[in-house]
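Peer 1: I'd like to ask you about the structure that follows.
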Amino acid sequence: MYSQVIAGTYFTSKDDQTVQVGENTLICIDEQGQIVRIISDREPEFHSVRQTAADQNNLLQLAANERLLPGFVDLHIHAPQWAQAGLALDRSLNDWLNTYTFPLEAKFADDQFALTVYSSLVQTLLANGTTTALMFGTIYNSSNLILAQQAAKFGLRALIGKVAMDDPTQTPEYYRDESATEALKATREFIESMLKLQQQTRTTLMPVITPRFIPSCTNELLQGLGELAKQYDLPIQSHCSESDWEDQYVQERFGQRDAEVFDHFGLLTDQAVMAHGTQLTDGDLSLFRQRQAAVAHCPISNVYFGNAVFPTRKALQAGNQIGLGSDISGGFSPSLYRNMQQAVMSSQLLTDGVNNEMDSTKRGVPDSRISMKTAFYLATKGGAQALNLPVGAIEVGKQADFQVVKLTPALTAESIDDEFERLLYQAERNSISWVMVGGEMVYQNQEGHR
Ligand code: GUN
Ligand code: FE
């Protein structure tokens, strides 16, 4: 009757404050990879549905020390930069881009190099529990399509952008679109190729309009990309108010804030996902809310390049849409567990402040702390809402995108809330037993648990 039934205990985010627990349930999945029913052990059909699934060899029973979670949504990642994750994080953003990042991305003119890096990245993301990723590629369509093919091959949901960057004053000659016209032509070609690829695969493959950030784009390019986003009704991704330098550069060039410039060019829509936002003002956040544009909060990267901590709690309370991004390789880790932990830790630093020469009552921004429940929301439901995709939650009607995680042994008695908190602090790649996307098994841990 169901194509698969998963039996076990799950955690899923209800809202940014609350986690829902389903203890000892059956998650029933249909042939389309959709969750069609969730049955608790108090319901009369529990035993018969379980037995039928077992008889038909369709039952996936979790072990007593395993928990089912939604797969994570990584809302901001630079796929080519996987090749340098962890390098040069002592540089400023501008220096890091020019000295390390642009030369690396230029190497993706070589398809073989792209294949090696992208195959590794896609498998690494799945092994870390990430089942959907919003990604920057490079300026080269050939390598961008290799990324899409690797995502399809291994079963990752991938929203991918051909990076557009044409401003000769802010980009190197060896790595730049020749002109706004050429960048727009290549973007259009990439969109058409992706729409064709999507028809040949089960997993989500979506093209994304991708101005790298305002400093690397001419007005003509920004204008054209806004028009393409509208014409094809596509998601948009970029960086917005990500550091002092970038924020000030945009103000000097336009006499306007980053968010206003994106908005002016039709690039701040309800399908836009803007990375970082550490420098967003209350006015900017309000504009984001009016447009229903989302922020991809990248807590590890922000420590290095952000020059401030993004006020996650304030923005959530105001009603902004927020998800979580690894920002490889501004962030060094492909794991959203590691990023959730940093999101909580950074929010604590924002609350307390960090300069011990200041009076403790003036040192921080009170009430800025977020809980692990909120961080989990960002990594799942928040990201899914930003992308308008039916993923990120264990609910009827959502896609069966899951990860199964092993608990470390409890040494003291713990409530289910404690178990959740400890799970998210202790989980690492090797704690993940298996990962599913749209009902398909896409990763199984061969190494066994520690
Ligand atoms: N701003 C423009 N390009 C980049 C990039 O590749 N990474 C980050 N973190 N910020 C950027
Ligand atoms: Fe980035």
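Following the order of the structure tokens, first chain is A, next is B, and so on, with residues numbered from 1 inside each chain and ligands from 1 in the order they appear.
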List all protein, DNA and RNA residues that have at least one atom no more than 12 Å from any atom of ligand 2, counting only C-alpha atoms and all ligand atoms, and write them as a PyMOL selection string.

Peer 2: chain A and resi 74-82+93+96-97+101+134-137+163+210-213+237-243+273-277+295-302+304-306+324-332

Peer 1: Between A:Glu227, A:Glu189, A:Glu395, A:Glu66, which has the minimum distance to Ser433 (chain A) (counting only C-alpha atoms)?

Peer 2: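 Nearest to Ser433 (chain A): A:Glu66.
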
Peer 1: Kindly give the distance, in Å, that separates CA of Asn128 (chain A) and CA of Thr18 (chain A), rounded to a single decimal.

Peer 2: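 Atom-to-atom, CA of Asn128 (chain A) to CA of Thr18 (chain A), that is 23.3 Å.
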
Peer 1: Mind checking which residues fall within 9 Å of Leu424 (chain A), counting only C-alpha atoms, ignoring those fewer than 5 positions away in the same chain, and posting them as number ranges by chain?

Peer 2: A: 337, 340-341, 372, 376, 419

Peer 1: Could you turn the residues from that selection into a file that holds N, CA, C and O atoms, as an mmCIF file, in the first residue's frame?

Peer 2:
data_model
loop_
_atom_site.group_PDB
_atom_site.id
_atom_site.type_symbol
_atom_site.label_atom_id
_atom_site.label_comp_id
_atom_site.auth_asym_id
_atom_site.auth_seq_id
_atom_site.Cartn_x
_atom_site.Cartn_y
_atom_site.Cartn_z
ATOM 1 N N TYR A 337 25.536 20.701 11.041
ATOM 2 C CA TYR A 337 25.630 20.543 12.506
ATOM 3 C C TYR A 337 26.622 21.559 13.058
ATOM 4 O O TYR A 337 26.349 22.278 14.012
ATOM 5 N N MET A 340 25.127 24.965 12.900
ATOM 6 C CA MET A 340 24.101 25.205 13.939
ATOM 7 C C MET A 340 24.778 25.520 15.270
ATOM 8 O O MET A 340 24.367 26.418 16.002
ATOM 9 N N GLN A 341 25.813 24.735 15.575
ATOM 10 C CA GLN A 341 26.527 24.962 16.843
ATOM 11 C C GLN A 341 27.112 26.370 16.866
ATOM 12 O O GLN A 341 26.998 27.094 17.860
ATOM 13 N N MET A 372 19.268 25.883 20.483
ATOM 14 C CA MET A 372 19.550 24.878 19.455
ATOM 15 C C MET A 372 18.285 24.559 18.659
ATOM 16 O O MET A 372 18.352 24.226 17.481
ATOM 17 N N PHE A 376 18.169 24.578 14.644
ATOM 18 C CA PHE A 376 17.633 23.422 13.906
ATOM 19 C C PHE A 376 16.541 23.881 12.929
ATOM 20 O O PHE A 376 16.483 23.425 11.780
ATOM 21 N N GLU A 419 17.712 15.042 25.163
ATOM 22 C CA GLU A 419 18.238 14.128 24.145
ATOM 23 C C GLU A 419 18.425 14.872 22.820
ATOM 24 O O GLU A 419 19.460 14.734 22.147
#

Peer 1: Let me make sure I understand: among A:Ser216, A:Gln20, A:Asn141, A:Ser371, which one has the smallest atom-to-atom distance to ligand 1 if we use only C-alpha atoms and all ligand atoms?

Peer 2: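 Comparing A:Ser216, A:Gln20, A:Asn141, A:Ser371 against ligand 1, the winner is A:Ser216.
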
Peer 1: Taking the DSSP assignment computed from this structure's backbone, write out as a PyMOL selection string all residues of region 227-301 of chain A that belong to helix (DSSP H, G or I).

Peer 2: chain A and resi 227-232+244-254+258-264+282-291+299-301

Peer 1: Just the strand (DSSP E) stuff from region 91-216 of chain A, please, per backbone DSSP, written as a list in words.

Peer 2: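 Those in region 91-216 of chain A that DSSP calls strand (DSSP E) are Thr130, Thr131, Thr132, Ala133, Leu134, Met135, Phe136, Arg157, Ala158, Leu159, Ile160, Gly161, Lys162, Val163, Ala164, Leu205, Met206, Pro207, Val208, Ile209, Thr210 and Pro211 of chain A.
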
Peer 1: Take the residues that were just selected and, keeping all heavy atoms, output them as a compact mmCIF listing (two decimals), in the first residue's frame.

Peer 2:
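Everything below was put into selection.txt:
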# COMPACT_ATOMS: atom_id res chain seq x y z
N THR A 130 23.05 16.82 4.51
CA THR A 130 22.47 17.89 3.68
C THR A 130 21.82 17.26 2.46
O THR A 130 22.47 16.53 1.71
CB THR A 130 23.57 18.90 3.25
OG1 THR A 130 24.06 19.56 4.42
CG2 THR A 130 23.02 19.92 2.27
N THR A 131 20.52 17.55 2.27
CA THR A 131 19.80 16.93 1.16
C THR A 131 19.36 17.94 0.10
O THR A 131 18.94 17.57 -0.99
CB THR A 131 18.57 16.17 1.69
OG1 THR A 131 17.84 17.03 2.57
CG2 THR A 131 18.99 14.92 2.45
N THR A 132 19.41 19.24 0.45
CA THR A 132 19.11 20.31 -0.51
C THR A 132 20.20 21.37 -0.38
O THR A 132 20.56 21.73 0.75
CB THR A 132 17.75 20.97 -0.21
OG1 THR A 132 16.71 20.00 -0.30
CG2 THR A 132 17.44 22.11 -1.18
N ALA A 133 20.71 21.86 -1.52
CA ALA A 133 21.74 22.89 -1.44
C ALA A 133 21.51 23.97 -2.49
O ALA A 133 21.24 23.66 -3.66
CB ALA A 133 23.13 22.28 -1.62
N LEU A 134 21.58 25.20 -2.05
CA LEU A 134 21.52 26.36 -2.95
C LEU A 134 22.96 26.80 -3.20
O LEU A 134 23.64 27.26 -2.29
CB LEU A 134 20.71 27.48 -2.28
CG LEU A 134 20.66 28.83 -3.00
CD1 LEU A 134 20.04 28.69 -4.39
CD2 LEU A 134 19.87 29.85 -2.19
N MET A 135 23.40 26.62 -4.45
CA MET A 135 24.83 26.70 -4.72
C MET A 135 25.22 27.75 -5.78
O MET A 135 24.55 27.91 -6.79
CB MET A 135 25.33 25.34 -5.22
CG MET A 135 25.04 24.22 -4.24
SD MET A 135 26.04 22.77 -4.56
CE MET A 135 24.94 21.86 -5.58
N PHE A 136 26.35 28.38 -5.55
CA PHE A 136 27.04 29.15 -6.58
C PHE A 136 27.94 28.17 -7.33
O PHE A 136 28.65 27.38 -6.69
CB PHE A 136 27.95 30.21 -5.96
CG PHE A 136 27.26 31.46 -5.48
CD1 PHE A 136 26.21 31.40 -4.59
CD2 PHE A 136 27.72 32.71 -5.89
CE1 PHE A 136 25.59 32.57 -4.14
CE2 PHE A 136 27.11 33.88 -5.44
CZ PHE A 136 26.05 33.81 -4.57
N ARG A 157 19.32 17.40 -3.95
CA ARG A 157 18.51 18.48 -4.55
C ARG A 157 19.41 19.70 -4.69
O ARG A 157 19.96 20.18 -3.68
CB ARG A 157 17.34 18.86 -3.64
CG ARG A 157 16.30 17.78 -3.50
CD ARG A 157 15.06 18.29 -2.78
NE ARG A 157 14.30 17.17 -2.29
CZ ARG A 157 13.47 16.43 -3.04
NH1 ARG A 157 13.28 16.73 -4.31
NH2 ARG A 157 12.82 15.40 -2.51
N ALA A 158 19.54 20.20 -5.90
CA ALA A 158 20.52 21.25 -6.13
C ALA A 158 19.91 22.42 -6.89
O ALA A 158 19.31 22.25 -7.95
CB ALA A 158 21.71 20.69 -6.90
N LEU A 159 20.05 23.60 -6.32
CA LEU A 159 19.67 24.84 -6.99
C LEU A 159 20.98 25.54 -7.29
O LEU A 159 21.74 25.86 -6.37
CB LEU A 159 18.76 25.68 -6.10
CG LEU A 159 17.43 25.00 -5.73
CD1 LEU A 159 17.55 24.21 -4.43
CD2 LEU A 159 16.31 26.01 -5.63
N ILE A 160 21.26 25.74 -8.58
CA ILE A 160 22.61 26.12 -8.98
C ILE A 160 22.58 27.40 -9.80
O ILE A 160 21.74 27.56 -10.70
CB ILE A 160 23.25 25.00 -9.82
CG1 ILE A 160 23.30 23.69 -9.01
CG2 ILE A 160 24.65 25.38 -10.31
CD1 ILE A 160 23.73 22.48 -9.81
N GLY A 161 23.54 28.27 -9.54
CA GLY A 161 23.65 29.49 -10.33
C GLY A 161 24.95 29.56 -11.11
O GLY A 161 26.01 29.21 -10.59
N LYS A 162 24.82 29.99 -12.38
CA LYS A 162 26.01 30.41 -13.12
C LYS A 162 26.39 31.77 -12.53
O LYS A 162 25.59 32.71 -12.54
CB LYS A 162 25.70 30.54 -14.61
CG LYS A 162 26.85 31.10 -15.44
CD LYS A 162 26.48 32.46 -16.05
CE LYS A 162 27.59 33.16 -16.79
NZ LYS A 162 28.77 33.57 -16.05
N VAL A 163 27.58 31.88 -11.98
CA VAL A 163 28.00 33.13 -11.36
C VAL A 163 28.16 34.21 -12.45
O VAL A 163 28.81 33.97 -13.46
CB VAL A 163 29.31 32.95 -10.58
CG1 VAL A 163 29.84 34.28 -10.08
CG2 VAL A 163 29.10 31.99 -9.41
N ALA A 164 27.53 35.36 -12.21
CA ALA A 164 27.64 36.48 -13.15
C ALA A 164 28.48 37.58 -12.50
O ALA A 164 28.21 38.00 -11.37
CB ALA A 164 26.24 37.00 -13.50
N LEU A 205 16.46 19.93 -9.70
CA LEU A 205 17.59 20.66 -10.29
C LEU A 205 17.03 21.97 -10.79
O LEU A 205 16.20 21.98 -11.70
CB LEU A 205 18.20 19.90 -11.47
CG LEU A 205 19.05 18.68 -11.20
CD1 LEU A 205 19.61 18.16 -12.53
CD2 LEU A 205 20.19 18.96 -10.25
N MET A 206 17.45 23.06 -10.20
CA MET A 206 16.84 24.33 -10.57
C MET A 206 17.91 25.37 -10.85
O MET A 206 18.89 25.45 -10.10
CB MET A 206 15.96 24.79 -9.41
CG MET A 206 14.79 25.63 -9.84
SD MET A 206 13.89 26.23 -8.39
CE MET A 206 12.92 24.81 -7.97
N PRO A 207 17.76 26.15 -11.93
CA PRO A 207 18.72 27.24 -12.17
C PRO A 207 18.38 28.44 -11.27
O PRO A 207 17.22 28.66 -10.94
CB PRO A 207 18.50 27.58 -13.63
CG PRO A 207 17.09 27.19 -13.92
CD PRO A 207 16.74 26.05 -12.99
N VAL A 208 19.41 29.18 -10.92
CA VAL A 208 19.24 30.31 -10.01
C VAL A 208 19.97 31.53 -10.59
O VAL A 208 21.12 31.41 -11.03
CB VAL A 208 19.85 29.99 -8.61
CG1 VAL A 208 19.61 31.13 -7.64
CG2 VAL A 208 19.28 28.70 -8.06
N ILE A 209 19.31 32.67 -10.58
CA ILE A 209 19.94 33.92 -11.03
C ILE A 209 20.99 34.33 -9.98
O ILE A 209 20.65 34.47 -8.80
CB ILE A 209 18.87 35.02 -11.18
CG1 ILE A 209 17.83 34.62 -12.24
CG2 ILE A 209 19.51 36.37 -11.50
CD1 ILE A 209 18.34 34.49 -13.64
N THR A 210 22.25 34.53 -10.42
CA THR A 210 23.34 34.66 -9.45
C THR A 210 24.33 35.80 -9.73
O THR A 210 25.43 35.58 -10.25
CB THR A 210 24.10 33.31 -9.34
OG1 THR A 210 23.15 32.26 -9.08
CG2 THR A 210 25.13 33.32 -8.21
N PRO A 211 23.92 37.04 -9.44
CA PRO A 211 24.94 38.10 -9.43
C PRO A 211 25.88 37.82 -8.26
O PRO A 211 25.40 37.64 -7.14
CB PRO A 211 24.13 39.38 -9.19
CG PRO A 211 22.83 38.94 -8.58
CD PRO A 211 22.58 37.52 -9.01

Peer 1: Looking at only C-alpha atoms, which of A:Leu280, A:Ala83, A:Leu60, A:Leu145 is the one that sits closest to Asp111 (chain A)?

Peer 2: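 Smallest separation from Asp111 (chain A) among the options: A:Leu145.
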
Peer 1: Can you list, as a list in words, every protein, DNA or RNA residue that comes within 12 Å of Phe46 (chain A) when you count only C-alpha atoms, leaving out same-chain residues fewer than 3 positions away?

Peer 2: Val5, Ile6, Ala7, Asn24, Thr25, Leu26, Ile27, Cys28, Arg37, Ile38, Ile39, Ser40, Asp41, Arg42, Glu43, Val49, Arg50, Gln51, Thr52 and Ala53 of chain A

Peer 1: Kindly save the residues from that selection, with C-alpha atoms included, as a compact mmCIF listing (two decimals), in the first residue's frame.

Peer 2:
# COMPACT_ATOMS: atom_id res chain seq x y z
CA VAL A 5 7.46 2.70 5.80
CA ILE A 6 10.05 4.01 8.27
CA ALA A 7 9.53 2.97 11.90
CA ASN A 24 7.73 5.30 17.93
CA THR A 25 5.86 6.24 14.75
CA LEU A 26 5.44 4.96 11.23
CA ILE A 27 6.33 7.39 8.44
CA CYS A 28 4.56 6.21 5.28
CA ARG A 37 0.82 9.44 6.43
CA ILE A 38 2.35 9.46 9.91
CA ILE A 39 0.93 6.88 12.31
CA SER A 40 1.58 6.87 16.05
CA ASP A 41 1.62 3.64 18.06
CA ARG A 42 -1.62 4.70 19.74
CA GLU A 43 -3.55 4.45 16.47
CA VAL A 49 0.50 -1.18 8.62
CA ARG A 50 3.80 -2.17 10.21
CA GLN A 51 3.17 -5.85 9.58
CA THR A 52 2.13 -5.33 5.95
CA ALA A 53 5.25 -3.26 5.28

Peer 1: Work out how far CA of Leu407 (chain A) is from CA of Arg422 (chain A), in Å to one decimal.

Peer 2: 8.4 Å

Peer 1: Got a sec: who's within 8 Å of Ala183 (chain A), counting only C-alpha atoms, leaving out chain neighbours fewer than 6 positions off, as a PyMOL selection string?

Peer 2: chain A and resi 164-166+177+221

Peer 1: Please write the residues from the selection above to a file, keeping N, CA, C and O atoms, as a PDB file, in the first residue's frame.

Peer 2:
ATOM      1  N   ALA A 164      27.532  35.363 -12.206  1.00  0.00           N
ATOM      2  CA  ALA A 164      27.637  36.478 -13.146  1.00  0.00           C
ATOM      3  C   ALA A 164      28.482  37.575 -12.503  1.00  0.00           C
ATOM      4  O   ALA A 164      28.209  38.002 -11.369  1.00  0.00           O
ATOM      5  N   MET A 165      29.534  38.004 -13.190  1.00  0.00           N
ATOM      6  CA  MET A 165      30.449  39.032 -12.661  1.00  0.00           C
ATOM      7  C   MET A 165      31.189  39.668 -13.824  1.00  0.00           C
ATOM      8  O   MET A 165      31.966  39.004 -14.493  1.00  0.00           O
ATOM      9  N   ASP A 166      30.956  40.925 -14.069  1.00  0.00           N
ATOM     10  CA  ASP A 166      31.502  41.537 -15.292  1.00  0.00           C
ATOM     11  C   ASP A 166      32.215  42.858 -15.042  1.00  0.00           C
ATOM     12  O   ASP A 166      32.730  43.454 -15.992  1.00  0.00           O
ATOM     13  N   ASP A 177      33.190  37.669 -16.666  1.00  0.00           N
ATOM     14  CA  ASP A 177      32.389  37.635 -17.896  1.00  0.00           C
ATOM     15  C   ASP A 177      32.846  38.789 -18.784  1.00  0.00           C
ATOM     16  O   ASP A 177      33.091  39.899 -18.290  1.00  0.00           O
ATOM     17  N   LEU A 221      24.420  44.715 -16.011  1.00  0.00           N
ATOM     18  CA  LEU A 221      24.268  43.286 -15.690  1.00  0.00           C
ATOM     19  C   LEU A 221      23.176  43.085 -14.624  1.00  0.00           C
ATOM     20  O   LEU A 221      22.322  42.207 -14.760  1.00  0.00           O
TER      21      LEU A 221
END

Peer 1: For Gly382 (chain A), which residue among A:Val122, A:Gln321, A:Pro215, A:Phe254 is the nearest when counting only C-alpha atoms?

Peer 2: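 Smallest separation from Gly382 (chain A) among the options: A:Gln321.
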